[in-house]
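See below for entry-v3.cif, which holds mmCIF, C-alpha atoms and all ligand atoms.
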data_entry
loop_
_atom_site.label_atom_id
_atom_site.label_comp_id
_atom_site.auth_asym_id
_atom_site.auth_seq_id
_atom_site.Cartn_x
_atom_site.Cartn_y
_atom_site.Cartn_z
CA MET A 24 -5.32 28.40 11.68
CA LYS A 25 -2.90 30.27 9.47
CA SER A 26 -2.44 30.80 5.77
CA ILE A 27 0.69 31.52 3.77
CA GLN A 28 1.00 32.67 0.20
CA LEU A 29 3.61 30.97 -1.97
CA LYS A 30 5.68 32.87 -4.54
CA ASN A 31 3.38 31.59 -7.31
CA GLY A 32 0.40 33.10 -5.49
CA GLN A 33 -0.98 29.78 -4.25
CA LEU A 34 -2.55 29.95 -0.81
CA ILE A 35 -1.61 27.27 1.73
CA LEU A 36 -3.79 26.77 4.76
CA ILE A 37 -2.14 25.48 7.93
CA ARG A 38 -4.58 24.02 10.44
CA GLU A 39 -5.29 21.10 12.73
CA ALA A 40 -6.58 17.99 10.93
CA VAL A 41 -10.27 17.10 11.15
CA LYS A 42 -11.92 13.76 10.45
CA GLU A 43 -12.97 14.88 6.96
CA ASP A 44 -9.27 15.18 5.98
CA ALA A 45 -8.68 11.43 6.42
CA ARG A 46 -8.85 10.50 2.73
CA GLU A 47 -6.38 13.22 1.72
CA VAL A 48 -4.05 12.32 4.61
CA VAL A 49 -4.00 8.68 3.49
CA ASN A 50 -3.20 9.74 -0.09
CA TYR A 51 -0.47 12.04 1.19
CA LEU A 52 1.16 9.34 3.35
CA ALA A 53 1.13 6.92 0.41
CA ARG A 54 2.86 9.55 -1.74
CA ILE A 55 5.61 10.96 0.47
CA GLY A 56 7.31 7.68 1.37
CA GLY A 57 8.66 7.66 -2.18
CA GLU A 58 9.76 11.28 -2.20
CA SER A 59 12.64 11.22 0.27
CA ASP A 60 14.98 8.89 2.14
CA PHE A 61 14.78 11.02 5.27
CA LEU A 62 11.58 9.43 6.56
CA THR A 63 11.28 6.22 8.57
CA PHE A 64 9.10 4.65 5.88
CA GLY A 65 9.63 3.97 2.20
CA PRO A 66 7.44 4.00 -0.92
CA GLY A 67 4.00 2.44 -0.37
CA GLU A 68 4.96 1.25 3.10
CA LEU A 69 2.61 3.34 5.17
CA ARG A 70 -0.79 1.93 4.26
CA VAL A 71 -3.58 3.17 6.46
CA SER A 72 -7.29 2.74 5.73
CA ILE A 73 -9.44 5.85 5.55
CA SER A 74 -11.60 4.63 8.43
CA ASP A 75 -8.53 3.99 10.62
CA GLU A 76 -7.18 7.43 9.78
CA GLU A 77 -10.56 9.01 10.59
CA ALA A 78 -10.58 7.25 13.95
CA LEU A 79 -7.00 8.33 14.65
CA ILE A 80 -7.74 11.97 13.88
CA GLU A 81 -10.83 11.87 16.09
CA LYS A 82 -8.85 10.27 18.91
CA ASN A 83 -6.08 12.85 18.58
CA ARG A 84 -8.58 15.67 18.81
CA SER A 85 -10.27 14.26 21.89
CA THR A 86 -7.12 13.53 23.92
CA GLY A 87 -5.98 17.15 23.78
CA ASN A 88 -2.31 16.25 23.99
CA LYS A 89 -1.81 14.97 20.48
CA ILE A 90 -2.02 17.03 17.39
CA MET A 91 -1.85 16.62 13.65
CA ILE A 92 -1.23 19.85 11.76
CA LEU A 93 -1.83 19.86 8.02
CA ALA A 94 -0.75 22.14 5.20
CA LEU A 95 -3.45 22.23 2.54
CA ALA A 96 -3.44 23.48 -1.03
CA ASP A 97 -7.19 23.67 -1.62
CA SER A 98 -8.19 20.35 -0.04
CA LYS A 99 -4.97 18.53 -1.04
CA VAL A 100 -2.58 17.75 1.81
CA VAL A 101 0.93 19.02 0.97
CA GLY A 102 2.44 18.89 4.45
CA CYS A 103 1.84 17.14 7.74
CA LEU A 104 3.15 17.45 11.28
CA ASN A 105 2.37 14.96 14.01
CA PHE A 106 3.10 15.42 17.66
CA THR A 107 2.46 12.88 20.41
CA ASN A 108 3.34 13.36 24.03
CA GLY A 109 3.58 10.93 26.91
CA ALA A 110 0.35 9.31 28.12
CA ARG A 111 1.41 9.27 31.77
CA VAL A 112 1.64 11.99 34.39
CA ARG A 113 5.41 11.71 34.50
CA THR A 114 5.86 11.90 30.74
CA GLN A 115 3.00 14.04 29.49
CA HIS A 116 5.09 17.22 29.51
CA THR A 117 7.23 15.99 26.63
CA GLY A 118 6.63 14.45 23.23
CA GLU A 119 8.02 13.86 19.78
CA LEU A 120 7.20 15.55 16.53
CA GLY A 121 7.53 14.37 12.96
CA VAL A 122 7.17 16.70 10.01
CA SER A 123 7.09 16.33 6.25
CA VAL A 124 6.26 18.41 3.21
CA SER A 125 5.48 17.17 -0.29
CA LYS A 126 8.56 17.50 -2.52
CA ASP A 127 6.94 19.94 -4.97
CA TYR A 128 6.44 22.31 -2.05
CA TRP A 129 9.83 22.11 -0.31
CA GLY A 130 11.73 25.28 0.53
CA GLN A 131 8.72 27.60 0.59
CA GLY A 132 8.21 28.04 4.31
CA ILE A 133 5.55 25.34 4.85
CA GLY A 134 7.63 23.19 7.24
CA ARG A 135 8.62 26.28 9.20
CA THR A 136 5.02 27.47 9.52
CA MET A 137 3.76 24.07 10.73
CA ILE A 138 6.46 23.99 13.43
CA GLU A 139 5.58 27.56 14.46
CA GLU A 140 1.96 26.47 14.84
CA LEU A 141 2.99 23.47 16.97
CA ILE A 142 5.05 25.70 19.27
CA ARG A 143 2.12 28.14 19.58
CA TRP A 144 -0.24 25.22 20.38
CA ALA A 145 2.18 23.85 22.99
CA ARG A 146 2.58 27.26 24.64
CA ASP A 147 -1.19 27.84 24.72
CA GLY A 148 -1.91 24.40 26.18
CA GLN A 149 0.66 24.77 28.98
CA THR A 150 1.03 20.99 29.48
CA ILE A 151 3.87 20.51 27.03
CA LYS A 152 7.19 21.77 28.33
CA LYS A 153 9.50 20.22 25.78
CA LEU A 154 9.44 19.12 22.15
CA ASN A 155 11.73 16.34 20.97
CA LEU A 156 12.53 15.05 17.51
CA ARG A 157 14.85 12.68 15.74
CA VAL A 158 16.40 13.53 12.42
CA ARG A 159 18.90 11.74 10.20
CA SER A 160 22.24 13.19 11.24
CA ASP A 161 23.14 13.99 7.61
CA HIS A 162 19.90 15.90 6.96
CA GLU A 163 21.52 19.32 7.06
CA ARG A 164 18.56 21.26 5.70
CA ALA A 165 16.16 19.93 8.34
CA ILE A 166 18.73 20.33 11.16
CA LYS A 167 19.26 23.96 10.10
CA LEU A 168 15.50 24.50 10.21
CA TYR A 169 15.17 22.95 13.69
CA LYS A 170 18.14 24.89 15.06
CA SER A 171 16.57 28.13 13.84
CA PHE A 172 13.77 27.50 16.39
CA GLY A 173 16.28 26.84 19.16
CA PHE A 174 16.29 23.03 19.02
CA VAL A 175 19.62 21.71 20.27
CA GLN A 176 21.28 18.39 19.64
CA GLU A 177 21.04 16.22 22.77
CA GLY A 178 22.33 12.92 21.52
CA LEU A 179 23.01 10.56 18.68
CA ILE A 180 21.48 7.15 18.08
CA THR A 181 23.68 5.16 15.76
CA GLY A 182 22.32 2.85 13.07
CA GLU A 183 18.68 3.72 13.73
CA LEU A 184 17.78 3.58 10.05
CA ILE A 185 18.80 1.19 7.30
CA ILE A 186 18.21 1.98 3.63
CA SER A 187 19.53 -0.27 0.86
CA GLY A 188 21.92 -1.91 3.31
CA LYS A 189 23.43 1.35 4.58
CA PHE A 190 23.00 2.43 8.20
CA TYR A 191 22.15 6.00 9.17
CA ASP A 192 22.39 7.70 12.55
CA PHE A 193 19.66 9.75 14.14
CA CYS A 194 20.37 13.01 15.86
CA CYS A 195 18.07 13.64 18.86
CA MET A 196 17.08 17.27 19.25
CA GLY A 197 15.05 19.05 21.91
CA LEU A 198 13.38 22.40 22.47
CA TRP A 199 12.18 23.62 25.87
CA ILE A 200 8.94 25.61 25.72
CA ASP A 201 8.85 28.66 28.01
C1 LIG B 301 12.51 18.94 6.07
C2 LIG B 301 11.21 19.56 5.55
C3 LIG B 301 10.06 19.15 6.48
C4 LIG B 301 11.34 21.08 5.56
O1 LIG B 301 10.14 21.65 5.12
P1 LIG B 301 10.16 22.83 4.05
O2 LIG B 301 8.77 23.33 3.91
O3 LIG B 301 10.86 22.37 2.83
O4 LIG B 301 11.07 23.90 4.82
P2 LIG B 301 10.93 25.47 4.80
O5 LIG B 301 10.64 25.94 3.42
O6 LIG B 301 9.98 25.87 5.87
O7 LIG B 301 12.38 25.90 5.09
C5 LIG B 301 12.82 26.07 6.34
C6 LIG B 301 14.31 26.21 6.34
O8 LIG B 301 14.90 25.09 5.67
C7 LIG B 301 16.04 25.52 4.99
N1 LIG B 301 15.83 25.34 3.58
C8 LIG B 301 14.66 25.21 2.94
N2 LIG B 301 14.87 24.99 1.64
C9 LIG B 301 16.20 24.95 1.45
C10 LIG B 301 17.02 24.71 0.35
N3 LIG B 301 16.52 24.45 -0.86
N4 LIG B 301 18.37 24.72 0.54
C11 LIG B 301 18.88 24.95 1.76
N5 LIG B 301 18.14 25.18 2.86
C12 LIG B 301 16.81 25.17 2.70
C13 LIG B 301 16.24 26.92 5.34
O9 LIG B 301 17.00 26.96 6.53
C14 LIG B 301 14.87 27.41 5.64
O10 LIG B 301 15.01 28.48 6.50
P3 LIG B 301 14.44 29.93 6.12
O11 LIG B 301 12.98 29.83 6.40
O12 LIG B 301 15.20 30.83 7.03
O13 LIG B 301 14.74 30.15 4.65
C15 LIG B 301 10.91 19.08 4.09
O14 LIG B 301 11.96 19.45 3.29
C16 LIG B 301 10.63 17.60 3.98
O15 LIG B 301 9.52 17.15 4.18
N6 LIG B 301 11.64 16.79 3.64
C17 LIG B 301 11.43 15.35 3.47
C18 LIG B 301 10.97 14.67 4.73
C19 LIG B 301 11.83 15.05 5.90
O16 LIG B 301 13.02 15.14 5.76
N7 LIG B 301 11.22 15.27 7.07
C20 LIG B 301 11.95 15.60 8.26
C21 LIG B 301 12.36 14.37 8.94
S1 LIG B 301 13.19 14.74 10.44
#

Kindly return the structure encoded in the file as structure tokens.
Ligand SMILES: CC(C)(COP(=O)(O)OP(=O)(O)OC[C@H]1O[C@@H](n2cnc3c(N)ncnc32)[C@H](O)[C@@H]1OP(=O)(O)O)[C@@H](O)C(=O)NCCC(=O)NCCS
Amino acid sequence: MKSIQLKNGQLILIREAVKEDAREVVNYLARIGGESDFLTFGPGELRVSISDEEALIEKNRSTGNKIMILALADSKVVGCLNFTNGARVRTQHTGELGVSVSKDYWGQGIGRTMIEELIRWARDGQTIKKLNLRVRSDHERAIKLYKSFGFVQEGLITGELIISGKFYDFCCMGLWID
């Protein structure tokens, strides 16, 4: 668990999700699809029931190799990071992360802090050896953030995303955990 103070004095708590966060997570997911075209889902597209979200959070916590990290302003979710690694012996050392922050909170260090927490969790757990992610190849701000942790570009998947008839490429990035 970690807290950061924003310039306006607001305190943001960064911690692993618990079952009781499910309602706020569902509200958050419904909101952020409409805030950016850099996600793989659009406005209103990611509809999850509170009970399904509760079950998912519980499952994540019990497997030990999946994690959802939240950024909370009071009890409101303003950022979310998900990481899932392989379920099999040969793939469990690596997994993919997805991160988002609510638009009103961009550029204040929340995304960075959630990724720092994921890296700390991965190091502590010792199972995860590598973090992977995919990011729209024109998302310079996010790519700059990932590179600052040492993520390197490993490949390019063309046409992975289509928005309003236009195709976008995904840049695959990876970070080895020492
Ligand atoms: C990408 C995203 C997760 C970053 O989170 P964030 O909380 O805004 O990022 P941070 O404030 O931690 O900033 C981290 C870095 O981003 C860059 N950055 C942040 N705000 C910036 C801005 N306004 N202009 C340029 N660079 C900026 C900087 O490199 C910053 O590094 P610093 O800490 O050395 O200043 C967030 O903007 C977001 O959710 N965007 C929409 C969804 C999305 O794109 N998700 C990622 C999909 S791969």

Using only C-alpha atoms and all ligand atoms, what does the table of chain A residues within 8 Å of ligand LIG 301 (chain B) look like, with each row giving the shortest atom pair and its distance in Å to one decimal, sorted by chain and ascending number, as CSV?
residue,atom,partner,partner_atom,distance
A:Ile55,CA,B:LIG301,C18,7.8
A:Glu58,CA,B:LIG301,C17,7.2
A:Ser59,CA,B:LIG301,C17,5.4
A:Asp60,CA,B:LIG301,O16,7.5
A:Phe61,CA,B:LIG301,O16,4.5
A:Leu62,CA,B:LIG301,C21,5.5
A:Gly102,CA,B:LIG301,O15,7.3
A:Gly121,CA,B:LIG301,S1,6.2
A:Val122,CA,B:LIG301,C3,5.2
A:Ser123,CA,B:LIG301,O15,3.3
A:Val124,CA,B:LIG301,O15,3.6
A:Ser125,CA,B:LIG301,O15,6.0
A:Lys126,CA,B:LIG301,O15,6.8
A:Tyr128,CA,B:LIG301,O2,6.5
A:Trp129,CA,B:LIG301,O3,3.3
A:Gly130,CA,B:LIG301,O5,3.2
A:Gln131,CA,B:LIG301,O5,3.8
A:Gly132,CA,B:LIG301,O6,3.2
A:Ile133,CA,B:LIG301,O2,3.9
A:Gly134,CA,B:LIG301,O2,3.5
A:Arg135,CA,B:LIG301,O6,3.6
A:Thr136,CA,B:LIG301,O6,6.4
A:Leu156,CA,B:LIG301,S1,7.1
A:Arg157,CA,B:LIG301,S1,5.9
A:Val158,CA,B:LIG301,S1,4.0
A:Arg159,CA,B:LIG301,S1,6.5
A:His162,CA,B:LIG301,O16,7.0
A:Glu163,CA,B:LIG301,N5,8.0
A:Arg164,CA,B:LIG301,N5,4.9
A:Ala165,CA,B:LIG301,C1,4.4
A:Ile166,CA,B:LIG301,S1,7.9
A:Lys167,CA,B:LIG301,O9,5.2
A:Leu168,CA,B:LIG301,C6,4.4
A:Ser171,CA,B:LIG301,O9,7.4

**Item:** For A:Leu154: contacts at 12 Å, only C-alpha atoms, fewer than 2 positions along chain excluded, given as a count of residues only
**Value:** 38

**A:Val100 environment, 7 Å, all atoms listed in the file, sequence neighbours closer than 2 positions dropped, as number ranges by chain** = A: 47-48, 51, 93-96, 98, 102

**Prompt:** Quick one: distance from atom CA of A:Ile180 to atom CA of A:Asp161 in Å, one decimal?
**Reply:**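 If I compute the distance from atom CA of A:Ile180 to atom CA of A:Asp161, I get 12.6 Å.
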
**Prompt:** When you draw a straight line from atom CA of A:Lys82 to atom CA of A:Val41, how long is it in Å?
**Reply:**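 Those two atoms sit 10.4 Å apart.
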
**Request:** Just give me the gap between atom CA of A:Arg54 and atom CA of A:Ser160 in Å, one decimal is fine.
**Result:**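 Answer for the atom CA of A:Arg54 to atom CA of A:Ser160 separation: 23.6 Å.
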
**Pick from A:Met24, A:Gly56, A:Arg113, A:Phe190 nearest to A:Glu68, counting all atoms listed in the file** =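 That would be A:Gly56, the residue with the smallest distance to A:Glu68.
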
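Shortest atom-to-atom contact with A:Met137 among A:Leu29, A:Leu52, A:Cys194, A:Leu36: A:Leu36, counting all atoms listed in the file.
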